[in-house]
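All remarks here apply to the structure that follows.
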Amino acid sequence: MGKAVALCADEASMRSPEILGLGGEDLSSQQWLKLFSSGDELRRALAQDDEVDEVWVASCDDVEPINLAAAIKADRRSRRVHLVTCGELTGSFATRMGKAGLDDPLLPHDFARRYAERKRIARGEAHSDNSAHAIRGDASCEGGGVLTAPASTPVVDVFPAQAMQATQATAGKAFVLPVVSGSGGAGKSTVAVLMALASQQAGRKTLLADFDLQFGDVARLVGASDALSIDDVMDDPSKIERLTPQDNMPAVLAAPRRLERCELAITAVPTLVDALSDRFDVIIVNTGAFWGEQHAVLLESASRVLFLVDQRPSSLWACQHALDLCARCGIATGPFAFALNRCAKGAPFTSVDVSCALGGPRVIELADGGEDVEGLLGAGLPLELFRDRSALCVSVEKTLAELMPAACSPTSASGPQRKRGLFGRKRSRRAEGGSR
């Protein structure tokens, strides 16, 4: 294989590699990668450069990408030429690619994986399928770059639909329920904590995982300041064995202790979720307000998804905004259950209002818990809050019971069973979760 790759992308993508699914990469520092934003410049350079054996055409400032890719391929048939595309190919587009003799197109997850592979080759590193390495991530990666997971767990480096499709890793036994929202302050942490408590006290082996990777605080809310964190597991995957429920409390996996490691943690999410799902009946996942790669992994791994809206107009708008993103990217919302938080007499919104705004789905109402919620959780006393049997706790319990499938009843010690397999060959979690 040759020693260099040429990448053609518009200047905005060069400045912000996350557009290409290469978040955290410093493209200009990669000596094996030659960058171009002009198609004419790229063709002239390739005519005099025998080191480049592969070309990636993502976008271009002066030529339609497929025309540029076809011209490069015609210039030298032996050179691999890939189009980097963020969407499914239409029949006519695929026909044009076939006639031009282009190599397989690279969807974002394929592109990220191919980039990581060429980067390893340039550094003289062999590929590793070691799962512990995948959980840890590669801290030595230049520029905090794209990290790799085992071959059976595709890397996710971008949020669009293709990233969602890429994260269909093998499924374990756990019923996985992420709690998400379109904006901060909707009450995700509180609801996640109460749902995990309800699940554990109902007799299910439950994990409360904090995937608000930057500012997650569920460990503090449950009074578990010494809880194992995601970066603890990244540093030593064997520590996952220490995640066990205690009495009436679920096991707790805290957000990374070090903020600067959140990007590495994102890369570890697919393998980590898969490993955890083999050890628990139920995994309740808190998430952050910023939608990123970890959301892509969690939504695809989820049995159901609880989408929270609160009483602010901005929260409802943010929910619509997130759903619009899902629609544009082809992300199925069948597993989504919608809940309106902080419902009380005289509140600005009712579940009917939110349902109408969202186009008709059923919306669950979660009661306002009052001042005790913030006070008791702020003091790390979740059991006291739960024992008070407030209206919020009761409504959370009812919601959890509604979302749980019969196979995950407390009498089922092993939790729901799912067939294991590779992407496209396993039973979908969505099918088990039901429709909206």
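For the structure tokens, the naming scheme is as follows: chains receive sequential letters (A, B, ...) according to their order of presentation, residues are indexed from 1 within each chain, and ligands are indexed from 1 in presentation order.
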Determine, using only C-alpha atoms, which residues of range 223-265 of chain A have any atom at most 12 Å from an atom of range 19-39 of chain A, and tabulate each with its shortest atom pair and distance in Å to one decimal place, rows ordered by chain and then rising number, as a Markdown table.
| residue | atom | partner | partner_atom | distance |
| --- | --- | --- | --- | --- |
| A:Glu260 | CA | A:Gly24 | CA | 11.8 |
| A:Arg261 | CA | A:Gly24 | CA | 11.8 |
| A:Cys262 | CA | A:Gly24 | CA | 11.4 |
| A:Glu263 | CA | A:Gly24 | CA | 7.9 |
| A:Leu264 | CA | A:Gly24 | CA | 9.8 |
If you keep C-alpha atoms, can you produce a file of those selected residues as a PDB file, in the first residue's frame?
ATOM      1  CA  GLU A 260     -10.462  16.659  29.217  1.00  0.00           C
ATOM      2  CA  ARG A 261     -11.078  12.922  28.758  1.00  0.00           C
ATOM      3  CA  CYS A 262     -14.670  13.221  27.601  1.00  0.00           C
ATOM      4  CA  GLU A 263     -13.698  12.884  23.922  1.00  0.00           C
ATOM      5  CA  LEU A 264     -11.844   9.649  24.621  1.00  0.00           C
TER       6      LEU A 264
END
Hey, could you make a per-residue contact list for range 295-383 of chain A against range 173-184 of chain A with 10 Å as the cut-off, showing the nearest pair of atoms and its distance in Å to one decimal, counting only C-alpha atoms, sorted by chain and number, as a Markdown table?
| residue | atom | partner | partner_atom | distance |
| --- | --- | --- | --- | --- |
| A:His295 | CA | A:Val180 | CA | 8.6 |
| A:Leu298 | CA | A:Pro178 | CA | 6.8 |
| A:Leu299 | CA | A:Pro178 | CA | 7.4 |
| A:Ser301 | CA | A:Val176 | CA | 7.1 |
| A:Ala302 | CA | A:Val176 | CA | 4.9 |
| A:Ser303 | CA | A:Val176 | CA | 5.2 |
| A:Arg304 | CA | A:Leu177 | CA | 5.3 |
| A:Val305 | CA | A:Pro178 | CA | 5.3 |
| A:Leu306 | CA | A:Val179 | CA | 4.9 |
| A:Phe307 | CA | A:Val180 | CA | 5.0 |
| A:Leu308 | CA | A:Ser181 | CA | 5.0 |
| A:Val309 | CA | A:Ser181 | CA | 6.4 |
| A:Asp310 | CA | A:Ser181 | CA | 9.0 |
| A:Ser314 | CA | A:Ser183 | CA | 7.9 |
| A:Ser315 | CA | A:Ser183 | CA | 5.9 |
| A:Leu316 | CA | A:Gly182 | CA | 7.9 |
| A:Trp317 | CA | A:Gly182 | CA | 8.1 |
| A:Ala318 | CA | A:Gly182 | CA | 4.6 |
| A:Cys319 | CA | A:Gly182 | CA | 4.6 |
| A:Gln320 | CA | A:Gly182 | CA | 7.9 |
| A:His321 | CA | A:Gly182 | CA | 7.4 |
| A:Ala322 | CA | A:Gly182 | CA | 5.9 |
| A:Leu323 | CA | A:Gly182 | CA | 8.8 |
| A:Pro335 | CA | A:Leu177 | CA | 9.7 |
| A:Phe336 | CA | A:Val180 | CA | 9.7 |
| A:Ala337 | CA | A:Val179 | CA | 9.8 |
| A:Phe338 | CA | A:Ser181 | CA | 9.6 |
| A:Ala339 | CA | A:Ser181 | CA | 9.8 |
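Counting only C-alpha atoms, Pro250 in chain A has the following residues at most 9 Å away, ignoring those fewer than 2 positions along the same chain: A:Ala196, A:Leu197, A:Ser199, A:Gln200, A:Gln201, A:Lys205, A:Thr206, A:Leu207, A:Leu208, A:Thr244, A:Pro245, A:Gln246, A:Asp247, A:Asn248, A:Val252.
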Exercise. Quick one: residues within 8 Å of range 209-215 of chain A, only C-alpha atoms counted, chain neighbours fewer than 3 positions away excluded, as a list in words?
Worked result: Val218, Ala219, Val252, Leu253, Ala254, Ala255, Pro256, Leu259, Cys262, Ala265, Ile266, Ile283, Ile284, Val285, Asn286, Thr287, Gly288, Ala289 and Gln294 of chain A
Print the selection's residues with N, CA, C and O atoms to a file, as an mmCIF file, in the first residue's frame.
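Once written, again.cif looks like this:
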data_model
loop_
_atom_site.group_PDB
_atom_site.id
_atom_site.type_symbol
_atom_site.label_atom_id
_atom_site.label_comp_id
_atom_site.auth_asym_id
_atom_site.auth_seq_id
_atom_site.Cartn_x
_atom_site.Cartn_y
_atom_site.Cartn_z
ATOM 1 N N VAL A 218 -24.833 12.441 38.483
ATOM 2 C CA VAL A 218 -25.716 11.491 39.154
ATOM 3 C C VAL A 218 -25.033 10.824 40.346
ATOM 4 O O VAL A 218 -25.697 10.461 41.322
ATOM 5 N N ALA A 219 -23.716 10.639 40.294
ATOM 6 C CA ALA A 219 -23.032 10.044 41.441
ATOM 7 C C ALA A 219 -23.201 10.916 42.679
ATOM 8 O O ALA A 219 -23.432 10.409 43.791
ATOM 9 N N VAL A 252 -23.664 2.233 40.225
ATOM 10 C CA VAL A 252 -23.514 3.571 39.636
ATOM 11 C C VAL A 252 -22.202 3.638 38.863
ATOM 12 O O VAL A 252 -21.137 3.315 39.411
ATOM 13 N N LEU A 253 -22.291 4.050 37.611
ATOM 14 C CA LEU A 253 -21.111 4.355 36.799
ATOM 15 C C LEU A 253 -21.108 5.849 36.552
ATOM 16 O O LEU A 253 -21.992 6.377 35.855
ATOM 17 N N ALA A 254 -20.151 6.540 37.138
ATOM 18 C CA ALA A 254 -20.122 7.998 37.098
ATOM 19 C C ALA A 254 -19.532 8.513 35.784
ATOM 20 O O ALA A 254 -18.836 7.793 35.060
ATOM 21 N N ALA A 255 -19.811 9.770 35.489
ATOM 22 C CA ALA A 255 -19.208 10.448 34.346
ATOM 23 C C ALA A 255 -17.702 10.557 34.557
ATOM 24 O O ALA A 255 -17.198 10.408 35.678
ATOM 25 N N PRO A 256 -16.937 10.792 33.488
ATOM 26 C CA PRO A 256 -15.478 10.919 33.649
ATOM 27 C C PRO A 256 -15.111 11.961 34.700
ATOM 28 O O PRO A 256 -15.718 13.029 34.764
ATOM 29 N N LEU A 259 -12.505 16.259 32.875
ATOM 30 C CA LEU A 259 -13.256 16.819 31.764
ATOM 31 C C LEU A 259 -12.535 16.649 30.436
ATOM 32 O O LEU A 259 -13.166 16.403 29.399
ATOM 33 N N CYS A 262 -13.330 13.542 28.085
ATOM 34 C CA CYS A 262 -14.670 13.221 27.601
ATOM 35 C C CYS A 262 -14.650 12.760 26.143
ATOM 36 O O CYS A 262 -15.439 11.898 25.751
ATOM 37 N N ALA A 265 -13.743 9.251 26.078
ATOM 38 C CA ALA A 265 -14.861 8.461 26.600
ATOM 39 C C ALA A 265 -15.918 8.235 25.530
ATOM 40 O O ALA A 265 -16.527 7.160 25.471
ATOM 41 N N ILE A 266 -16.143 9.225 24.672
ATOM 42 C CA ILE A 266 -17.119 9.074 23.593
ATOM 43 C C ILE A 266 -16.777 7.862 22.736
ATOM 44 O O ILE A 266 -17.632 7.058 22.378
ATOM 45 N N ILE A 283 -30.373 -1.025 32.464
ATOM 46 C CA ILE A 283 -29.406 0.072 32.513
ATOM 47 C C ILE A 283 -30.172 1.364 32.231
ATOM 48 O O ILE A 283 -30.733 1.544 31.142
ATOM 49 N N ILE A 284 -30.214 2.234 33.220
ATOM 50 C CA ILE A 284 -30.814 3.567 33.064
ATOM 51 C C ILE A 284 -29.664 4.536 32.798
ATOM 52 O O ILE A 284 -28.692 4.581 33.559
ATOM 53 N N VAL A 285 -29.776 5.306 31.734
ATOM 54 C CA VAL A 285 -28.654 6.141 31.301
ATOM 55 C C VAL A 285 -29.043 7.618 31.343
ATOM 56 O O VAL A 285 -29.989 8.044 30.670
ATOM 57 N N ASN A 286 -28.312 8.371 32.121
ATOM 58 C CA ASN A 286 -28.438 9.828 32.077
ATOM 59 C C ASN A 286 -27.605 10.355 30.910
ATOM 60 O O ASN A 286 -26.544 9.814 30.592
ATOM 61 N N THR A 287 -28.077 11.406 30.256
ATOM 62 C CA THR A 287 -27.354 11.971 29.117
ATOM 63 C C THR A 287 -27.202 13.476 29.281
ATOM 64 O O THR A 287 -27.879 14.102 30.093
ATOM 65 N N GLY A 288 -26.327 14.043 28.462
ATOM 66 C CA GLY A 288 -26.115 15.483 28.482
ATOM 67 C C GLY A 288 -27.040 16.200 27.524
ATOM 68 O O GLY A 288 -27.710 15.591 26.679
ATOM 69 N N ALA A 289 -27.064 17.517 27.646
ATOM 70 C CA ALA A 289 -27.932 18.312 26.777
ATOM 71 C C ALA A 289 -27.370 18.447 25.373
ATOM 72 O O ALA A 289 -28.115 18.612 24.399
ATOM 73 N N GLN A 294 -22.105 10.115 21.518
ATOM 74 C CA GLN A 294 -22.596 9.214 22.538
ATOM 75 C C GLN A 294 -24.105 9.043 22.435
ATOM 76 O O GLN A 294 -24.646 7.965 22.727
#
Pull the closest atom pair for each residue of range 194-240 of chain A that gets at most 10 Å from range 374-388 of chain A, along with the distance in Å to one decimal, counting only C-alpha atoms, ordering rows by chain and then ascending residue number, as JSON lines.
{"residue": "A:Leu194", "atom": "CA", "partner": "A:Phe386", "partner_atom": "CA", "distance": 7.2}
{"residue": "A:Leu197", "atom": "CA", "partner": "A:Phe386", "partner_atom": "CA", "distance": 7.8}
{"residue": "A:Ala198", "atom": "CA", "partner": "A:Phe386", "partner_atom": "CA", "distance": 8.2}
{"residue": "A:Asp217", "atom": "CA", "partner": "A:Gly378", "partner_atom": "CA", "distance": 10.0}
{"residue": "A:Val218", "atom": "CA", "partner": "A:Leu377", "partner_atom": "CA", "distance": 9.2}
{"residue": "A:Ala219", "atom": "CA", "partner": "A:Gly380", "partner_atom": "CA", "distance": 8.4}
{"residue": "A:Arg220", "atom": "CA", "partner": "A:Gly380", "partner_atom": "CA", "distance": 6.0}
{"residue": "A:Leu221", "atom": "CA", "partner": "A:Gly380", "partner_atom": "CA", "distance": 4.6}
{"residue": "A:Val222", "atom": "CA", "partner": "A:Gly380", "partner_atom": "CA", "distance": 4.8}
{"residue": "A:Gly223", "atom": "CA", "partner": "A:Gly380", "partner_atom": "CA", "distance": 4.0}
{"residue": "A:Ala224", "atom": "CA", "partner": "A:Gly380", "partner_atom": "CA", "distance": 7.7}
{"residue": "A:Ser225", "atom": "CA", "partner": "A:Gly380", "partner_atom": "CA", "distance": 9.1}
Exercise. Taking into account only C-alpha atoms, which residue in the set A:Lys119, A:Lys73, A:Lys99, A:His109 is nearest to Thr85 in chain A?
Worked result: A:His109
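If you count only C-alpha atoms and ignore residues fewer than 5 places along the chain from Thr350 in chain A, what sits within 12 Å of it is Val309, Asp310, Gln311, Arg312, Leu316, Ala339, Leu340, Asn341, Arg342, Cys343, Ala344, Lys345, Ser355, Cys356, Ala357, Arg362, Val363, Ile364, Glu365, Leu366 and Ala367 of chain A.
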Exercise. What residues in range 240-269 of chain A get the DSSP label strand (DSSP E or B)? Please answer as number ranges by chain.
Worked result: A: 246, 249, 251-254
Could you write those residues out with C-alpha atoms, as a short mmCIF file (atom, residue, chain, number, x, y, z; two decimals), in the first residue's frame?
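Wrote it out as again17.cif, contents follow:
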data_model
loop_
_atom_site.label_atom_id
_atom_site.label_comp_id
_atom_site.auth_asym_id
_atom_site.auth_seq_id
_atom_site.Cartn_x
_atom_site.Cartn_y
_atom_site.Cartn_z
CA GLN A 246 -25.72 -2.41 47.02
CA MET A 249 -29.27 1.11 45.54
CA ALA A 251 -24.83 0.18 40.75
CA VAL A 252 -23.51 3.57 39.64
CA LEU A 253 -21.11 4.36 36.80
CA ALA A 254 -20.12 8.00 37.10
#
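Take CA of Leu400 in chain A and CA of Ala192 in chain A: the distance between them is 10.3 Å.
For the pair CA of Met234 in chain A and CA of Arg120 in chain A, the separation is 20.5 Å.
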Seminar exercise, completed: Of A:Val191, A:Val373, A:Asp324, A:Asp104, the one nearest to Ser395 in chain A when counting only C-alpha atoms is A:Val191
Exercise. Any idea what the distance is between CA of Asp75 in chain A and CA of Asp40 in chain A?
Worked result: 12.7 Å
Exercise. Near range 46-57 of chain A, within 7 Å and counting only C-alpha atoms, which residues show up once chain neighbours fewer than 2 positions away are dropped, as an MDAnalysis selection string?
Worked result: chainID A and resid 2:9 42:44 59 65 69 79:84
For this session: Would you mind writing down, as a VMD selection string, each residue of range 218-305 of chain A that DSSP on the backbone assigns to alpha helix (DSSP H)?
Result: chain A and resid 218 to 221 230 to 235 262 to 277 293 to 301
Problem set entry | Long-range neighbours of Val233 in chain A as a ChimeraX atom specification, 12 Å cut-off, only C-alpha atoms, 4 positions minimum in chain | /A:132-137,227-229,237-243,253-257,264-265,268-269,271-273,275-276
Serialized selection, N, CA, C and O atoms, as a tab-separated table (two decimals), in the first residue's frame:
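Final output, out-v3.tsv:
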chain	number	residue	atom	x	y	z
A	132	ALA	N	-10.22	-4.74	25.56
A	132	ALA	CA	-9.77	-3.84	26.62
A	132	ALA	C	-9.20	-2.58	26.02
A	132	ALA	O	-9.43	-1.47	26.52
A	133	HIS	N	-8.44	-2.74	24.91
A	133	HIS	CA	-7.91	-1.57	24.22
A	133	HIS	C	-9.05	-0.68	23.74
A	133	HIS	O	-8.99	0.54	23.81
A	134	ALA	N	-10.13	-1.29	23.29
A	134	ALA	CA	-11.25	-0.51	22.77
A	134	ALA	C	-11.92	0.30	23.86
A	134	ALA	O	-12.34	1.42	23.65
A	135	ILE	N	-12.04	-0.28	25.07
A	135	ILE	CA	-12.64	0.47	26.16
A	135	ILE	C	-11.73	1.60	26.61
A	135	ILE	O	-12.16	2.72	26.87
A	136	ARG	N	-10.43	1.32	26.66
A	136	ARG	CA	-9.49	2.36	27.10
A	136	ARG	C	-9.41	3.49	26.11
A	136	ARG	O	-9.26	4.64	26.48
A	137	GLY	N	-9.45	3.19	24.80
A	137	GLY	CA	-9.13	4.19	23.80
A	137	GLY	C	-7.63	4.28	23.64
A	137	GLY	O	-6.88	3.65	24.38
A	227	ALA	N	-17.98	6.56	43.52
A	227	ALA	CA	-18.45	5.64	42.48
A	227	ALA	C	-17.41	5.48	41.38
A	227	ALA	O	-16.66	6.41	41.07
A	228	LEU	N	-17.36	4.29	40.82
A	228	LEU	CA	-16.48	4.02	39.69
A	228	LEU	C	-16.88	4.94	38.53
A	228	LEU	O	-18.07	5.12	38.26
A	229	SER	N	-15.90	5.51	37.85
A	229	SER	CA	-16.19	6.42	36.74
A	229	SER	C	-15.84	5.78	35.41
A	229	SER	O	-15.13	4.77	35.34
A	237	PRO	N	-10.09	-1.85	32.37
A	237	PRO	CA	-11.39	-2.48	32.08
A	237	PRO	C	-11.80	-3.55	33.07
A	237	PRO	O	-12.99	-3.83	33.20
A	238	SER	N	-10.85	-4.15	33.78
A	238	SER	CA	-11.21	-5.18	34.75
A	238	SER	C	-12.06	-4.62	35.90
A	238	SER	O	-12.76	-5.37	36.59
A	239	LYS	N	-12.01	-3.31	36.10
A	239	LYS	CA	-12.78	-2.70	37.18
A	239	LYS	C	-14.28	-2.78	36.96
A	239	LYS	O	-15.06	-2.53	37.89
A	240	ILE	N	-14.68	-3.11	35.76
A	240	ILE	CA	-16.10	-3.24	35.48
A	240	ILE	C	-16.73	-4.30	36.38
A	240	ILE	O	-17.93	-4.26	36.67
A	241	GLU	N	-15.92	-5.24	36.85
A	241	GLU	CA	-16.40	-6.29	37.74
A	241	GLU	C	-16.89	-5.71	39.07
A	241	GLU	O	-17.66	-6.35	39.79
A	242	ARG	N	-16.43	-4.53	39.41
A	242	ARG	CA	-16.81	-3.91	40.70
A	242	ARG	C	-18.18	-3.26	40.66
A	242	ARG	O	-18.70	-2.83	41.71
A	243	LEU	N	-18.78	-3.19	39.49
A	243	LEU	CA	-20.10	-2.54	39.37
A	243	LEU	C	-21.19	-3.51	39.81
A	243	LEU	O	-21.64	-4.37	39.05
A	253	LEU	N	-22.29	4.05	37.61
A	253	LEU	CA	-21.11	4.36	36.80
A	253	LEU	C	-21.11	5.85	36.55
A	253	LEU	O	-21.99	6.38	35.85
A	254	ALA	N	-20.15	6.54	37.14
A	254	ALA	CA	-20.12	8.00	37.10
A	254	ALA	C	-19.53	8.51	35.78
A	254	ALA	O	-18.84	7.79	35.06
A	255	ALA	N	-19.81	9.77	35.49
A	255	ALA	CA	-19.21	10.45	34.35
A	255	ALA	C	-17.70	10.56	34.56
A	255	ALA	O	-17.20	10.41	35.68
A	256	PRO	N	-16.94	10.79	33.49
A	256	PRO	CA	-15.48	10.92	33.65
A	256	PRO	C	-15.11	11.96	34.70
A	256	PRO	O	-15.72	13.03	34.76
A	257	ARG	N	-14.12	11.63	35.50
A	257	ARG	CA	-13.68	12.58	36.54
A	257	ARG	C	-12.95	13.76	35.92
A	257	ARG	O	-12.99	14.87	36.46
A	264	LEU	N	-12.26	11.04	24.61
A	264	LEU	CA	-11.84	9.65	24.62
A	264	LEU	C	-12.98	8.76	25.09
A	264	LEU	O	-13.19	7.65	24.58
A	265	ALA	N	-13.74	9.25	26.08
A	265	ALA	CA	-14.86	8.46	26.60
A	265	ALA	C	-15.92	8.23	25.53
A	265	ALA	O	-16.53	7.16	25.47
A	268	ALA	N	-15.17	5.26	23.60
A	268	ALA	CA	-15.31	4.01	24.35
A	268	ALA	C	-16.75	3.59	24.54
A	268	ALA	O	-17.01	2.44	24.92
A	269	VAL	N	-17.71	4.49	24.29
A	269	VAL	CA	-19.11	4.22	24.60
A	269	VAL	C	-19.64	2.94	23.96
A	269	VAL	O	-20.27	2.12	24.64
A	271	THR	N	-18.33	0.03	22.97
A	271	THR	CA	-17.84	-1.19	23.60
A	271	THR	C	-18.28	-1.25	25.06
A	271	THR	O	-18.62	-2.32	25.58
A	272	LEU	N	-18.29	-0.11	25.72
A	272	LEU	CA	-18.67	-0.07	27.13
A	272	LEU	C	-20.13	-0.46	27.31
A	272	LEU	O	-20.47	-1.27	28.19
A	273	VAL	N	-21.01	0.08	26.49
A	273	VAL	CA	-22.44	-0.27	26.58
A	273	VAL	C	-22.64	-1.76	26.35
A	273	VAL	O	-23.40	-2.43	27.06
A	275	ALA	N	-20.48	-4.19	26.84
A	275	ALA	CA	-19.95	-4.96	27.97
A	275	ALA	C	-20.88	-4.88	29.18
A	275	ALA	O	-21.11	-5.88	29.87
A	276	LEU	N	-21.42	-3.70	29.44
A	276	LEU	CA	-22.31	-3.52	30.59
A	276	LEU	C	-23.62	-4.27	30.43
A	276	LEU	O	-24.20	-4.77	31.40
